[in-house]
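Next comes structure_8.pdb, a file with PDB, C-alpha atoms.
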```pdb
ATOM      1  CA  MET L  35      56.833 105.159 140.267
ATOM      2  CA  ASP L  36      60.394 105.973 141.237
ATOM      3  CA  PRO L  37      61.645 105.242 144.714
ATOM      4  CA  LYS L  38      61.709 108.281 146.956
ATOM      5  CA  CYS L  39      64.958 109.929 147.945
ATOM      6  CA  SER L  40      65.996 109.277 151.523
ATOM      7  CA  GLY L  41      64.384 111.831 153.803
ATOM      8  CA  CYS L  42      61.874 112.863 151.110
ATOM      9  CA  PRO L  43      59.154 115.106 152.564
ATOM     10  CA  ILE L  44      56.580 114.145 149.888
ATOM     11  CA  THR L  45      53.672 112.276 151.451
ATOM     12  CA  GLY L  46      52.358 109.271 149.558
ATOM     13  CA  GLU L  47      54.060 107.756 146.546
ATOM     14  CA  CYS L  48      56.689 109.596 144.505
ATOM     15  CA  ASP L  49      55.707 110.500 140.937
ATOM     16  CA  SER L  50      59.265 110.751 139.574
ATOM     17  CA  TYR L  51      60.081 113.587 141.943
ATOM     18  CA  ALA L  52      63.523 112.078 142.566
ATOM     19  CA  VAL L  53      64.660 113.684 139.295
ATOM     20  CA  LEU L  54      63.291 117.045 140.414
ATOM     21  CA  CYS L  55      64.922 116.728 143.839
ATOM     22  CA  ASN L  56      68.331 116.646 142.181
ATOM     23  CA  ASN L  57      67.430 119.518 139.833
ATOM     24  CA  HIS L  58      66.152 121.721 142.661
ATOM     25  CA  ALA L  59      68.924 120.952 145.166
ATOM     26  CA  LYS L  60      70.505 124.360 144.433
ATOM     27  CA  SER L  61      67.231 126.100 145.292
ATOM     28  CA  PRO L  62      65.683 124.395 148.324
ATOM     29  CA  GLU L  63      63.095 127.163 148.796
ATOM     30  CA  LYS L  64      61.667 126.603 145.302
ATOM     31  CA  TRP L  65      61.670 122.860 145.875
ATOM     32  CA  ARG L  66      59.897 123.397 149.206
ATOM     33  CA  ARG L  67      57.098 125.200 147.317
ATOM     34  CA  VAL L  68      56.750 122.265 144.903
ATOM     35  CA  ILE L  69      56.555 119.832 147.815
ATOM     36  CA  ASP L  70      54.071 122.022 149.681
ATOM     37  CA  ARG L  71      51.823 122.295 146.618
ATOM     38  CA  HIS L  72      51.976 118.522 146.152
ATOM     39  CA  ASN L  73      51.022 117.992 149.809
ATOM     40  CA  GLY L  74      48.220 120.612 149.692
ATOM     41  CA  VAL L  75      49.943 123.092 152.043
ATOM     42  CA  GLU L  76      48.686 126.670 151.679
ATOM     43  CA  PRO L  77      51.393 129.310 151.127
ATOM     44  CA  GLU L  78      52.215 131.646 153.961
ATOM     45  CA  TYR L  79      52.370 135.373 153.478
ATOM     46  CA  PRO L  80      54.388 137.850 155.505
ATOM     47  CA  PRO L  81      52.800 139.916 158.282
ATOM     48  CA  LEU L  82      50.167 142.463 157.249
ATOM     49  CA  LEU L  83      52.446 145.429 158.000
ATOM     50  CA  GLU L  84      55.060 144.104 155.580
ATOM     51  CA  GLN L  85      52.390 143.606 152.915
ATOM     52  CA  VAL L  86      51.202 147.206 153.425
ATOM     53  CA  GLY L  87      54.793 148.395 152.940
ATOM     54  CA  SER L  88      55.026 146.456 149.685
ATOM     55  CA  LEU L  89      51.756 148.008 148.521
ATOM     56  CA  ALA L  90      53.034 151.507 149.372
ATOM     57  CA  VAL L  91      56.137 150.960 147.222
ATOM     58  CA  ALA L  92      54.016 149.709 144.307
ATOM     59  CA  VAL L  93      51.624 152.659 144.553
ATOM     60  CA  GLY L  94      54.575 155.066 144.713
ATOM     61  CA  THR L  95      56.070 153.527 141.577
ATOM     62  CA  PHE L  96      52.743 153.803 139.779
ATOM     63  CA  ILE L  97      52.257 157.465 140.754
ATOM     64  CA  LYS L  98      55.873 158.340 139.865
ATOM     65  CA  SER L  99      55.240 156.956 136.352
ATOM     66  CA  GLY L 100      52.313 159.347 135.953
ATOM     67  CA  CYS L 101      49.911 156.434 136.415
ATOM     68  CA  ALA L 102      51.061 154.994 133.090
ATOM     69  CA  THR L 103      49.609 151.632 132.123
ATOM     70  CA  VAL L 104      50.362 148.986 129.516
ATOM     71  CA  ASP L 105      48.006 147.781 126.806
ATOM     72  CA  GLN L 106      45.920 144.605 127.088
ATOM     73  CA  ALA L 107      48.454 142.518 125.138
ATOM     74  CA  GLU L 108      51.295 143.416 127.535
ATOM     75  CA  PHE L 109      49.087 142.800 130.566
ATOM     76  CA  ASP L 110      48.151 139.378 129.162
ATOM     77  CA  ARG L 111      51.832 138.568 128.464
ATOM     78  CA  ARG L 112      52.867 139.508 132.003
ATOM     79  CA  HIS L 113      49.986 137.663 133.638
ATOM     80  CA  ALA L 114      50.665 134.521 131.570
ATOM     81  CA  ILE L 115      54.261 134.574 132.837
ATOM     82  CA  CYS L 116      52.965 134.880 136.408
ATOM     83  CA  GLU L 117      50.619 131.932 135.953
ATOM     84  CA  THR L 118      53.570 129.644 135.140
ATOM     85  CA  CYS L 119      55.727 130.883 138.032
ATOM     86  CA  GLU L 120      56.295 128.809 141.162
ATOM     87  CA  SER L 121      55.642 131.951 143.234
ATOM     88  CA  PHE L 122      52.162 132.521 141.790
ATOM     89  CA  ASP L 123      49.232 131.776 144.090
ATOM     90  CA  ALA L 124      46.447 131.071 141.593
ATOM     91  CA  LYS L 125      43.824 130.758 144.310
ATOM     92  CA  ARG L 126      44.426 134.383 145.373
ATOM     93  CA  ASN L 127      45.795 135.665 142.026
ATOM     94  CA  LYS L 128      48.724 136.943 144.046
ATOM     95  CA  CYS L 129      52.526 136.789 143.918
ATOM     96  CA  ARG L 130      54.264 135.253 146.939
ATOM     97  CA  GLU L 131      57.474 137.187 146.175
ATOM     98  CA  CYS L 132      56.190 140.772 146.014
ATOM     99  CA  ARG L 133      52.805 139.989 147.596
ATOM    100  CA  CYS L 134      50.996 142.054 144.960
ATOM    101  CA  SER L 135      47.677 141.335 143.305
ATOM    102  CA  MET L 136      48.237 140.053 139.794
ATOM    103  CA  ALA L 137      44.898 141.533 138.775
ATOM    104  CA  VAL L 138      46.472 144.983 139.242
ATOM    105  CA  LYS L 139      50.290 145.009 139.195
ATOM    106  CA  PRO L 140      50.811 143.826 135.579
ATOM    107  CA  TRP L 141      48.876 146.908 134.372
ATOM    108  CA  GLY L 142      51.513 149.352 135.666
ATOM    109  CA  ARG L 143      53.955 150.342 132.917
ATOM    110  CA  ASP L 144      56.898 150.762 135.303
ATOM    111  CA  MET L 145      56.075 147.780 137.507
ATOM    112  CA  GLU L 146      58.594 144.944 137.531
ATOM    113  CA  CYS L 147      58.492 141.302 138.464
ATOM    114  CA  PRO L 148      60.683 140.830 141.562
ATOM    115  CA  LEU L 149      62.225 137.786 139.864
ATOM    116  CA  GLY L 150      62.870 139.673 136.612
ATOM    117  CA  LYS L 151      60.559 137.433 134.597
ATOM    118  CA  TRP L 152      58.751 140.266 132.802
ATOM    119  CA  SER L 153      61.980 141.590 131.253
ATOM    120  CA  ASP L 154      62.881 140.844 127.646
ATOM    121  CA  ASP L 155      65.429 138.239 128.726
ATOM    122  CA  GLY L 156      62.982 136.528 131.090
ATOM    123  CA  GLY L 157      65.112 137.261 134.151
ATOM    124  CA  ILE L 158      68.053 135.213 132.888
TER
END
```

Please render this file's structure as structure tokens.
Amino acid sequence: MDPKCSGCPITGECDSYAVLCNNHAKSPEKWRRVIDRHNGVEPEYPPLLEQVGSLAVAVGTFIKSGCATVDQAEFDRRHAICETCESFDAKRNKCRECRCSMAVKPWGRDMECPLGKWSDDGGI
């Protein structure tokens, strides 16, 4: 066990998170998610009205594409990327960034990951 950083919000003993603290210092929001998951804190979602707006945009994109979908292999590729993302809520199969259901969104041909992770370059 490594000693905790001063002011570390992790409860209990540190499992080498000191290394991660330094790596995530440029992205405190992502680090906050790691800490919250470690401490068993459920993710918060925006207000219902904002979620409805996000859904309306996604449905509009899907309709504009002529309701085009991807094949099973592309869906599986996209969903596998989601499952490794720090913004993925596995319990709800939902993205915390776009607030969409990952049982549905990856099927849409013109749908995009809000973090750019579905693109060929992986959002880099």

inquiry  = I need every residue sitting at most 12 Å from the point (50.8, 158.1, 136.7) (coordinates as in the file, all atoms listed in the file considered), written as a PyMOL selection string.
reply    = chain L and resi 92-104+141-145

Residues from the last selection, C-alpha atoms, saved as a PDB file, keeping the file's coordinate frame:
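Output saved as again-v5.pdb:
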```pdb
ATOM      1  CA  ALA L  92      54.016 149.709 144.307  1.00  0.00           C
ATOM      2  CA  VAL L  93      51.624 152.659 144.553  1.00  0.00           C
ATOM      3  CA  GLY L  94      54.575 155.066 144.713  1.00  0.00           C
ATOM      4  CA  THR L  95      56.070 153.527 141.577  1.00  0.00           C
ATOM      5  CA  PHE L  96      52.743 153.803 139.779  1.00  0.00           C
ATOM      6  CA  ILE L  97      52.257 157.465 140.754  1.00  0.00           C
ATOM      7  CA  LYS L  98      55.873 158.340 139.865  1.00  0.00           C
ATOM      8  CA  SER L  99      55.240 156.956 136.352  1.00  0.00           C
ATOM      9  CA  GLY L 100      52.313 159.347 135.953  1.00  0.00           C
ATOM     10  CA  CYS L 101      49.911 156.434 136.415  1.00  0.00           C
ATOM     11  CA  ALA L 102      51.061 154.994 133.090  1.00  0.00           C
ATOM     12  CA  THR L 103      49.609 151.632 132.123  1.00  0.00           C
ATOM     13  CA  VAL L 104      50.362 148.986 129.516  1.00  0.00           C
ATOM     14  CA  TRP L 141      48.876 146.908 134.372  1.00  0.00           C
ATOM     15  CA  GLY L 142      51.513 149.352 135.666  1.00  0.00           C
ATOM     16  CA  ARG L 143      53.955 150.342 132.917  1.00  0.00           C
ATOM     17  CA  ASP L 144      56.898 150.762 135.303  1.00  0.00           C
ATOM     18  CA  MET L 145      56.075 147.780 137.507  1.00  0.00           C
TER      19      MET L 145
END
```

message = Rounded to one decimal, what separation in Å do you get between atom CA of L:Trp152 and atom CA of L:Cys119?
response =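 Distance between the two atoms: 11.2 Å.
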
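Note that the spacing between atom CA of L:Gln106 and atom CA of L:Tyr79 amounts to 28.7 Å.
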
Residue nearest L:Met136 - candidates L:Arg66, L:His113, L:His72, L:Lys151, atoms counted: only C-alpha atoms =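 Selected residue with least distance to L:Met136: L:His113.
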
Around all listed atoms of stretch 134-138 of chain L, padded 6 Å per side, what centre and edge lengths does the axis-aligned box have in Å to one decimal, as lines of an AutoDock Vina configuration file?
```
center_x = 47.9
center_y = 142.5
center_z = 141.9
size_x = 18.1
size_y = 16.9
size_z = 18.2
```

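The closest residue to L:Phe109, picked from L:Pro148, L:Pro140, L:Ile69, L:Glu78 and counting only C-alpha atoms, is L:Pro140.
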
key: Radius query 9 Å about (53.8, 129.0, 145.2), atoms used: only C-alpha atoms, as a ChimeraX atom specification   = /L:64,67-68,70-71,76-77,119-124,129-130

remark   = Computed gap from atom CA of L:Ile115 to atom CA of L:Gly87 is 24.4 Å

task = Go through L:Glu131, L:Lys139, L:Glu117, L:Cys147 one by one, measure the shortest atom-to-atom distance of each to L:Pro80 using only C-alpha atoms, and give the residue with the smallest value.
result =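 For L:Pro80, the nearest of the candidates is L:Glu131.
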
request  = For each of L:Ser88, L:Ser153, L:Arg133, L:Lys128, take the minimum atom-to-atom distance to L:Arg112, counting all atoms listed in the file, then give the residue where this is smallest.
outcome  =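 The closest residue to L:Arg112 is L:Ser153.
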
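Minimum distance to L:Cys116 across L:Val75, L:Gly150, L:Val91, L:Leu83 (counting all atoms listed in the file) occurs at L:Gly150.
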
ask   = Of the candidates L:Thr118, L:Asn73, L:Arg126, L:Cys134, which shows the shortest atom-to-atom distance to L:Val86, using all atoms listed in the file?
value = L:Cys134
